[in-house]
Structure formats: C-alpha cells, structure tokens
$ cat start21.cif   # mmCIF, C-alpha atoms
data_protein
#
loop_
_atom_site.label_atom_id
_atom_site.label_comp_id
_atom_site.auth_asym_id
_atom_site.auth_seq_id
_atom_site.Cartn_x
_atom_site.Cartn_y
_atom_site.Cartn_z
CA MET A 6 20.95 7.47 -19.62
CA GLU A 7 18.08 9.34 -18.00
CA LEU A 8 17.16 8.69 -14.40
CA ARG A 9 13.56 8.18 -15.50
CA THR A 10 14.57 5.36 -17.81
CA LEU A 11 16.61 3.76 -15.04
CA ARG A 12 13.53 3.89 -12.81
CA TYR A 13 11.56 2.14 -15.53
CA PHE A 14 14.20 -0.57 -15.76
CA VAL A 15 14.36 -1.08 -11.99
CA ALA A 16 10.58 -1.47 -11.86
CA VAL A 17 10.59 -4.13 -14.58
CA ALA A 18 13.61 -5.89 -13.07
CA GLU A 19 11.99 -6.05 -9.64
CA GLU A 20 8.53 -7.04 -10.83
CA LEU A 21 9.81 -9.34 -13.63
CA HIS A 22 6.59 -8.48 -15.43
CA PHE A 23 5.94 -5.55 -17.78
CA GLY A 24 2.27 -5.26 -16.88
CA ARG A 25 2.89 -5.08 -13.13
CA ALA A 26 5.80 -2.68 -13.65
CA ALA A 27 3.62 -0.41 -15.81
CA ALA A 28 0.92 -0.38 -13.13
CA ARG A 29 3.54 0.43 -10.49
CA LEU A 30 4.83 3.30 -12.61
CA HIS A 31 1.31 4.56 -13.40
CA MET A 32 1.86 4.29 -17.14
CA SER A 33 0.73 2.07 -19.99
CA GLN A 34 2.77 -0.92 -21.08
CA PRO A 35 3.73 0.01 -24.70
CA PRO A 36 5.81 3.11 -23.84
CA LEU A 37 7.46 1.17 -21.02
CA SER A 38 8.44 -1.60 -23.42
CA ARG A 39 9.78 0.96 -25.90
CA ALA A 40 11.83 2.67 -23.20
CA ILE A 41 13.44 -0.61 -22.13
CA LYS A 42 14.21 -1.53 -25.76
CA GLN A 43 15.85 1.87 -26.24
CA LEU A 44 17.85 1.40 -23.04
CA GLU A 45 19.12 -1.95 -24.32
CA THR A 46 20.14 -0.26 -27.58
CA ASP A 47 21.92 2.53 -25.71
CA MET A 48 23.71 0.03 -23.46
CA GLY A 49 24.59 -2.28 -26.33
CA ALA A 50 23.41 -5.31 -24.35
CA VAL A 51 20.33 -7.43 -23.82
CA LEU A 52 19.13 -6.73 -20.30
CA LEU A 53 16.00 -8.87 -20.09
CA HIS A 54 14.96 -12.23 -21.47
CA ARG A 55 11.32 -12.15 -22.50
CA SER A 56 9.37 -15.38 -22.93
CA ALA A 57 5.91 -16.83 -22.50
CA ALA A 58 6.99 -17.87 -19.00
CA GLY A 59 7.79 -14.29 -18.02
CA VAL A 60 10.77 -11.96 -17.75
CA THR A 61 14.22 -12.80 -16.39
CA LEU A 62 17.36 -10.73 -16.00
CA THR A 63 20.40 -11.42 -18.12
CA PRO A 64 23.84 -11.16 -16.45
CA ALA A 65 24.15 -7.67 -17.93
CA GLY A 66 20.71 -6.80 -16.59
CA ALA A 67 21.64 -7.97 -13.09
CA VAL A 68 24.70 -5.68 -13.13
CA LEU A 69 22.65 -2.73 -14.36
CA LEU A 70 20.03 -3.34 -11.67
CA ASP A 71 22.66 -3.01 -8.92
CA GLU A 72 24.18 0.10 -10.51
CA ALA A 73 20.80 1.69 -11.28
CA ARG A 74 19.62 1.27 -7.70
CA ALA A 75 22.81 2.94 -6.46
CA LEU A 76 22.47 5.82 -8.93
CA LEU A 77 18.82 6.39 -8.09
CA GLU A 78 19.55 6.37 -4.36
CA GLN A 79 22.30 8.94 -4.88
CA ALA A 80 20.01 11.13 -6.99
CA ASP A 81 17.36 10.79 -4.30
CA ARG A 82 19.81 11.93 -1.61
CA VAL A 83 20.87 14.92 -3.73
CA ARG A 84 17.29 16.12 -4.15
CA VAL A 85 16.51 15.74 -0.47
CA ARG A 86 19.72 17.47 0.67
CA VAL A 87 18.92 20.39 -1.61
CA ALA A 88 15.37 20.51 -0.22
CA VAL A 89 16.73 20.46 3.33
CA ALA A 90 19.17 23.26 2.52
CA ALA A 91 16.29 25.25 1.05
CA GLY A 92 14.34 24.88 4.29
CA ALA A 93 11.93 22.12 3.26
CA ALA A 94 13.08 19.66 5.89
CA THR A 95 9.71 18.35 7.12
CA ILE A 96 7.30 15.79 5.70
CA THR A 97 3.94 14.92 7.27
CA VAL A 98 2.82 11.32 6.88
CA GLY A 99 -0.74 10.18 7.45
CA ILE A 100 -1.19 6.63 8.77
CA LEU A 101 -4.51 4.81 8.84
CA GLY A 102 -4.63 3.52 12.40
CA ASP A 103 -2.30 0.66 11.45
CA SER A 104 1.03 1.78 12.88
CA SER A 105 1.80 -1.74 14.17
CA ASP A 106 2.33 -2.84 10.55
CA GLN A 107 5.89 -4.19 10.20
CA GLY A 108 6.13 -2.47 6.83
CA VAL A 109 5.74 0.87 8.61
CA THR A 110 8.41 -0.13 11.13
CA ARG A 111 10.90 -1.04 8.38
CA LEU A 112 10.05 2.12 6.45
CA ALA A 113 10.66 4.35 9.48
CA ALA A 114 14.08 2.80 10.10
CA ALA A 115 15.08 3.01 6.43
CA TYR A 116 13.94 6.62 6.09
CA ARG A 117 15.86 7.68 9.20
CA ARG A 118 19.02 6.05 7.85
CA ARG A 119 18.66 7.67 4.44
CA HIS A 120 17.55 11.14 5.55
CA PRO A 121 18.59 11.84 9.16
CA GLY A 122 18.15 15.58 8.62
CA VAL A 123 14.45 15.33 7.69
CA GLU A 124 11.78 15.64 10.37
CA VAL A 125 8.91 13.20 9.80
CA ARG A 126 5.64 14.20 11.41
CA ILE A 127 3.00 11.49 11.84
CA ARG A 128 -0.74 12.03 11.79
CA GLU A 129 -2.70 8.88 12.62
CA THR A 130 -6.33 8.90 11.48
CA ASP A 131 -9.35 6.75 12.15
CA LEU A 132 -11.21 4.56 9.66
CA THR A 133 -13.55 7.32 8.49
CA ASP A 134 -10.92 8.91 6.19
CA PRO A 135 -8.89 6.45 4.12
CA THR A 136 -6.85 9.34 2.65
CA CYS A 137 -5.61 10.20 6.18
CA GLY A 138 -6.15 13.93 5.73
CA LEU A 139 -4.55 14.11 2.29
CA ARG A 140 -7.49 15.84 0.60
CA ALA A 141 -7.77 18.33 3.46
CA GLY A 142 -4.09 19.26 3.07
CA LEU A 143 -3.21 17.94 6.52
CA VAL A 144 -0.53 15.50 5.28
CA ASP A 145 1.95 15.29 2.40
CA VAL A 146 1.66 11.54 1.87
CA ALA A 147 -0.62 8.83 3.26
CA LEU A 148 0.13 5.21 4.20
CA THR A 149 -3.30 3.68 3.94
CA ARG A 150 -5.52 1.00 2.43
CA GLY A 151 -7.83 1.08 -0.56
CA PRO A 152 -10.19 1.37 -2.17
CA PHE A 153 -11.25 5.02 -2.14
CA ASP A 154 -11.93 7.79 -4.62
CA GLU A 155 -8.54 8.44 -6.23
CA THR A 156 -9.52 11.61 -8.10
CA GLY A 157 -6.64 14.09 -7.97
CA LEU A 158 -4.37 11.62 -6.19
CA THR A 159 -1.49 9.39 -7.21
CA VAL A 160 -1.67 5.95 -5.64
CA HIS A 161 1.12 3.38 -5.40
CA GLU A 162 0.46 -0.17 -4.20
CA LEU A 163 2.92 -1.42 -1.59
CA ARG A 164 1.34 -4.77 -0.68
CA ALA A 165 -1.90 -6.74 -0.91
CA ASP A 166 -3.17 -8.54 2.21
CA PRO A 167 -5.66 -11.44 2.28
CA VAL A 168 -8.76 -10.62 4.28
CA GLY A 169 -10.84 -12.54 6.80
CA ALA A 170 -13.94 -12.21 8.93
CA VAL A 171 -13.40 -11.29 12.58
CA LEU A 172 -15.71 -13.41 14.74
CA ARG A 173 -16.12 -14.27 18.40
CA ALA A 174 -14.21 -17.43 19.23
CA ASP A 175 -17.46 -19.10 20.36
CA ASP A 176 -19.23 -18.33 17.07
CA PRO A 177 -20.09 -21.57 15.19
CA LEU A 178 -18.47 -20.17 12.04
CA ALA A 179 -15.22 -19.55 13.91
CA ARG A 180 -14.45 -23.28 13.69
CA ARG A 181 -14.40 -23.19 9.89
CA ASP A 182 -11.11 -23.21 7.95
CA HIS A 183 -12.48 -20.60 5.56
CA LEU A 184 -15.67 -18.76 4.74
CA LYS A 185 -17.43 -17.12 1.81
CA LEU A 186 -19.30 -13.85 1.95
CA ALA A 187 -22.58 -15.72 1.50
CA ASP A 188 -21.95 -17.50 4.82
CA LEU A 189 -22.22 -14.10 6.53
CA ALA A 190 -25.19 -12.72 4.59
CA ASP A 191 -27.63 -12.85 7.53
CA ARG A 192 -25.24 -11.21 10.02
CA ARG A 193 -24.91 -7.61 11.16
CA TRP A 194 -21.76 -5.88 9.91
CA PHE A 195 -20.03 -2.78 11.21
CA GLN A 196 -20.72 0.50 9.39
CA PHE A 197 -18.82 3.75 8.98
CA PRO A 198 -20.42 7.17 9.62
CA ASP A 199 -22.37 8.99 6.92
CA GLY A 200 -20.06 10.83 4.55
CA THR A 201 -17.37 8.14 4.57
CA ASP A 202 -16.00 7.33 1.11
CA PRO A 203 -18.57 4.95 -0.47
CA ASN A 204 -15.88 2.84 -2.16
CA TRP A 205 -14.26 2.28 1.22
CA GLN A 206 -17.57 1.45 2.93
CA SER A 207 -18.58 -0.96 0.16
CA TYR A 208 -15.31 -2.88 0.30
CA TRP A 209 -15.45 -3.48 4.05
CA ASN A 210 -19.10 -4.53 3.69
CA GLY A 211 -18.25 -7.17 1.06
CA GLY A 212 -19.85 -5.18 -1.74
CA GLU A 213 -23.39 -5.40 -0.33
CA PRO A 214 -25.62 -3.04 1.68
CA ARG A 215 -25.42 -4.06 5.35
CA GLU A 216 -26.84 -3.07 8.70
CA GLY A 217 -24.98 -2.82 11.98
CA PRO A 218 -23.30 -0.52 14.50
CA VAL A 219 -21.34 2.54 13.41
CA VAL A 220 -17.62 2.47 14.22
CA ARG A 221 -14.67 4.78 13.65
CA ALA A 222 -11.59 2.89 14.84
CA VAL A 223 -10.10 -0.61 14.77
CA GLN A 224 -10.71 -1.12 18.48
CA GLU A 225 -14.35 -0.11 18.08
CA CYS A 226 -14.68 -2.75 15.34
CA LEU A 227 -13.26 -5.42 17.63
CA GLN A 228 -15.48 -4.36 20.52
CA ALA A 229 -18.55 -4.50 18.27
CA VAL A 230 -17.68 -8.12 17.46
CA LEU A 231 -16.99 -8.97 21.09
CA TRP A 232 -20.10 -7.38 22.58
CA ASN A 233 -22.66 -7.78 19.81
CA GLY A 234 -21.46 -10.61 17.59
CA THR A 235 -21.12 -8.14 14.72
CA VAL A 236 -19.14 -9.31 11.71
CA GLY A 237 -15.84 -7.46 11.46
CA MET A 238 -13.46 -7.51 8.52
CA SER A 239 -9.69 -7.45 8.81
CA PRO A 240 -6.45 -8.40 7.09
CA LEU A 241 -5.50 -11.95 8.11
CA ASP A 242 -2.39 -10.80 9.93
CA LEU A 243 -4.48 -9.09 12.62
CA ASP A 244 -3.52 -10.36 16.07
CA PRO A 245 -6.90 -10.24 17.87
CA PRO A 246 -7.52 -10.87 21.57
CA GLU A 247 -8.04 -14.53 22.48
CA GLU A 248 -11.82 -14.06 22.59
CA LEU A 249 -11.81 -13.33 18.85
CA THR A 250 -10.55 -15.10 15.74
CA VAL A 251 -10.05 -14.25 12.07
CA VAL A 252 -11.34 -16.74 9.48
CA PRO A 253 -10.09 -16.37 5.87
CA LEU A 254 -12.61 -15.24 3.24
CA THR A 255 -11.98 -16.98 -0.07
CA ASP A 256 -14.09 -14.71 -2.28
CA MET A 257 -13.08 -11.26 -1.06
CA ALA A 258 -10.39 -9.28 -2.88
CA PRO A 259 -7.20 -8.60 -0.91
CA SER A 260 -6.85 -5.35 1.00
CA ARG A 261 -4.37 -3.15 -0.89
CA VAL A 262 -1.79 -1.31 1.21
CA LEU A 263 -1.14 1.99 -0.54
CA ALA A 264 0.94 5.12 -0.50
CA ALA A 265 -0.99 8.12 -1.81
CA TRP A 266 -0.13 11.75 -2.46
CA ASN A 267 -1.56 14.69 -4.34
CA GLU A 268 -1.17 14.35 -8.09
CA GLY A 269 1.69 16.42 -9.48
CA ASP A 270 3.18 17.36 -6.11
CA PRO A 271 6.89 17.96 -6.92
CA ASN A 272 8.08 17.73 -3.30
CA PRO A 273 11.30 15.63 -3.47
CA LEU A 274 10.70 14.42 0.09
CA ILE A 275 7.54 12.67 -1.14
CA GLN A 276 9.25 10.97 -4.06
CA SER A 277 12.04 9.78 -1.81
CA PHE A 278 9.49 8.52 0.69
CA ILE A 279 7.72 6.47 -1.99
CA GLN A 280 10.95 4.91 -3.23
CA ILE A 281 12.03 3.91 0.27
CA ALA A 282 8.53 2.66 1.12
CA THR A 283 8.47 0.44 -1.97
CA ALA A 284 11.70 -1.26 -0.89
CA ALA A 285 10.65 -1.51 2.78
CA TYR A 286 7.35 -3.21 1.98
CA ARG A 287 8.90 -5.45 -0.66
CA ASN A 288 11.25 -6.85 2.00
#
$ encode --input "start21.cif" --output "structure tokens"
Amino acid sequence: MELRTLRYFVAVAEELHFGRAAARLHMSQPPLSRAIKQLETDMGAVLLHRSAAGVTLTPAGAVLLDEARALLEQADRVRVRVAVAAGAATITVGILGDSSDQGVTRLAAAYRRRHPGVEVRIRETDLTDPTCGLRAGLVDVALTRGPFDETGLTVHELRADPVGAVLRADDPLARRDHLKLADLADRRWFQFPDGTDPNWQSYWNGGEPREGPVVRAVQECLQAVLWNGTVGMSPLDLDPPEELTVVPLTDMAPSRVLAAWNEGDPNPLIQSFIQIATAAYRN
C-alpha cells in the first residue's frame, strides 16, 4: 500500500462522496475511483458500498479508515521530525484577521500536541490581502477566505460559512428574518482599496459594482456600519456589538474558509499543517 492511496481512501471515507473527495484532493474523479478499486483488489475486501444514495463504509472499510489514519499520522510525524532535525523547525502562518475563529483555536492546540518541537510564527493581515502575504513570500501557508486569484497556489477548503448583511440594529431591514441582495441594492457598501484582488472585492460586494467607504479591517467595516449605515457583509457567526445585527442573505454563496500555500512547495511542515487543519475544522 502506498501512503498516497491511503490518503485517497481517507478522503473518500470522510467525505462519503467521490466528487467531494476528488475536489478535496485537487484531482479528477476517475483516477480517484480507479485508485480505490485497486486498493480494494490489493486488500482483498470491499471497502465502500456505492449506491445512488451515496457512499457508505463496509466493516472492512471502517477498520482500514482507523488504521490508515494512524499510519498517515505516523508518516506525518516522521517527516516533520526529520525536517526539525535538518533545521527546518519553523513555519509561518498567515491569518486573515479572523483569529477568534474556533477552528483556528482547535488547530493551534492540535498542532502543538502533534509537533511540540516546531515553532509556529503567526502573521495576521488585514482584509486587503486575502492570501495573507503568501504571494509576497511572507508566509508558508495562509488560513484565509475565498475567493481570490488562485494562480500558482494550492487551495484546500476547510469549511463554508453562511453569510449575512451587517446592519445597525435600528435599521428597518434589521427586523427581517432574512434578506436578498436586491433588498440592499440602493445602499452604500464598504469597499477595499485600489489594487485589492478583484475576485475578493466582487464577492464582498455581492457581485455588483458598489459605492461606499474604503475599509481595511473588520473593525473598520463594523464602524462604517455603525457611523454611516453602510452595508457590511460577514459570516453569520460574527458576534457584533449590540448596536449591530447580522441578517442572513439567502442568495449569496457561502464564504469558503481555506488553507492556501504555494503550488509544489515540498515543505513537510506545510503538508502536516494541512492534514491537522482538515481534522480540526471538520470537528
């Protein structure tokens, strides 16, 4: 058995869907299906039940999932210990001004437990650079949100958060259970400075050209709403001050929480970080 094939199996077993697993692995579905079929042949057992309703683990598949996770964790530790012994004991993580995220908290604890000898340096960035300094070479891996230009980067989705409009509590629309983008068409929206990734700007403006004050940080967004009645956008789990509220938007795509790193970077500390992050955000 190859470790790569075990990673393929774990992805399918956790997603219980070949399409989602293929997207997670950044590969197409046919070679993934072939690899799992070959693994079943090598193991001499059916590992997955496939049906129109989806994918389920067989008893043999459940056993292999436990063993595969243990093997991959051990392989991960070996790579990192070798890297540490070779002097590569530091990883720099960029975080997009969202360090209160519980996923980040779980990830930090899990990474410390797994790799106590690795120094993790944190670089928190404002909302003008969704890659958190990755393109400038300031960080090894970024914990961020999409969308942005992914050219030259590898991107792994950790979670998808529903989004809402941030409004003053005394705004007439704040009493609504939900909103659509059209309900906010005549409002001013916050903007990012010139030169900000256009994909990023477009998403937070609901896909339309908007006018409004320029902001760089989450707190500036909230203050723009509070002082000027500007429309802000935020994941629904934002805990705003009592003067503000977040109303769900039913026709806006979720905000994707991502890990991103430079394509082809062989640093084992990065690969370990991604594996631990996937588990931390899944929980």
$ residues_around --input "start21.cif" --residues "stretch 114-130 of chain A" --least-positions-apart "3" --cutoff "8 Å" --atoms "only C-alpha atoms" --output "JSON, numbers by chain"
{"A": [82, 85, 89, 94, 95, 96, 97, 98, 99, 100, 101, 102, 110, 111, 133, 134, 137, 138, 144, 278, 281, 285]}
$ residues_around --input "start21.cif" --residues "A:Leu77" --least-positions-apart "5" --cutoff "9 Å" --atoms "only C-alpha atoms" --output "JSON list (two decimals) with C-alpha atoms, in the frame of the given file"
[["chain", "number", "residue", "atom", "x", "y", "z"],
["A", 8, "LEU", "CA", 17.16, 8.69, -14.40],
["A", 11, "LEU", "CA", 16.61, 3.76, -15.04],
["A", 12, "ARG", "CA", 13.53, 3.89, -12.81],
["A", 72, "GLU", "CA", 24.18, 0.10, -10.51],
["A", 82, "ARG", "CA", 19.81, 11.93, -1.61]]
$ resolve_selection --input "start21.cif" --expression "the PyMOL selection byres ((chain A and resi 70) around 10)" --output "VMD selection string"
chain A and resid 11 to 12 14 to 19 52 62 64 to 69 71 to 76
$ resolve_selection --input "start21.cif" --expression "the PyMOL selection byres ((chain A and resi 253-257) around 6)" --output "ChimeraX atom specification"
/A:169,183-185,252,258
$ resolve_selection --input "start21.cif" --expression "the PyMOL selection byres ((chain A and resi 223) around 12)" --output "ChimeraX atom specification"
/A:101-105,130-133,171,195-197,219-222,224-230,237-240,243-245
$ atom_distance --input "start21.cif" --atom1 "atom CA of A:Asp166" --atom2 "atom CA of A:Leu241"
7.2 Å
$ atom_distance --input "start21.cif" --atom1 "atom CA of A:Gly108" --atom2 "atom CA of A:Thr10"
27.2 Å
$ atom_distance --input "start21.cif" --atom1 "atom CA of A:Gly200" --atom2 "atom CA of A:Ala265"
20.3 Å
$ residues_around --input "start21.cif" --residues "A:Gln34" --least-positions-apart "6" --cutoff "8 Å" --atoms "only C-alpha atoms" --output "VMD selection string"
chain A and resid 23 to 24 27
$ closest_residue --input "start21.cif" --among "A:Glu162, A:Glu247, A:Asp182, A:Glu216" --to "A:Tyr286" --atoms "only C-alpha atoms"
A:Glu162
$ closest_residue --input "start21.cif" --among "A:Leu21, A:Val83, A:Ala141, A:Ala28" --to "A:Arg55" --atoms "only C-alpha atoms"
A:Leu21
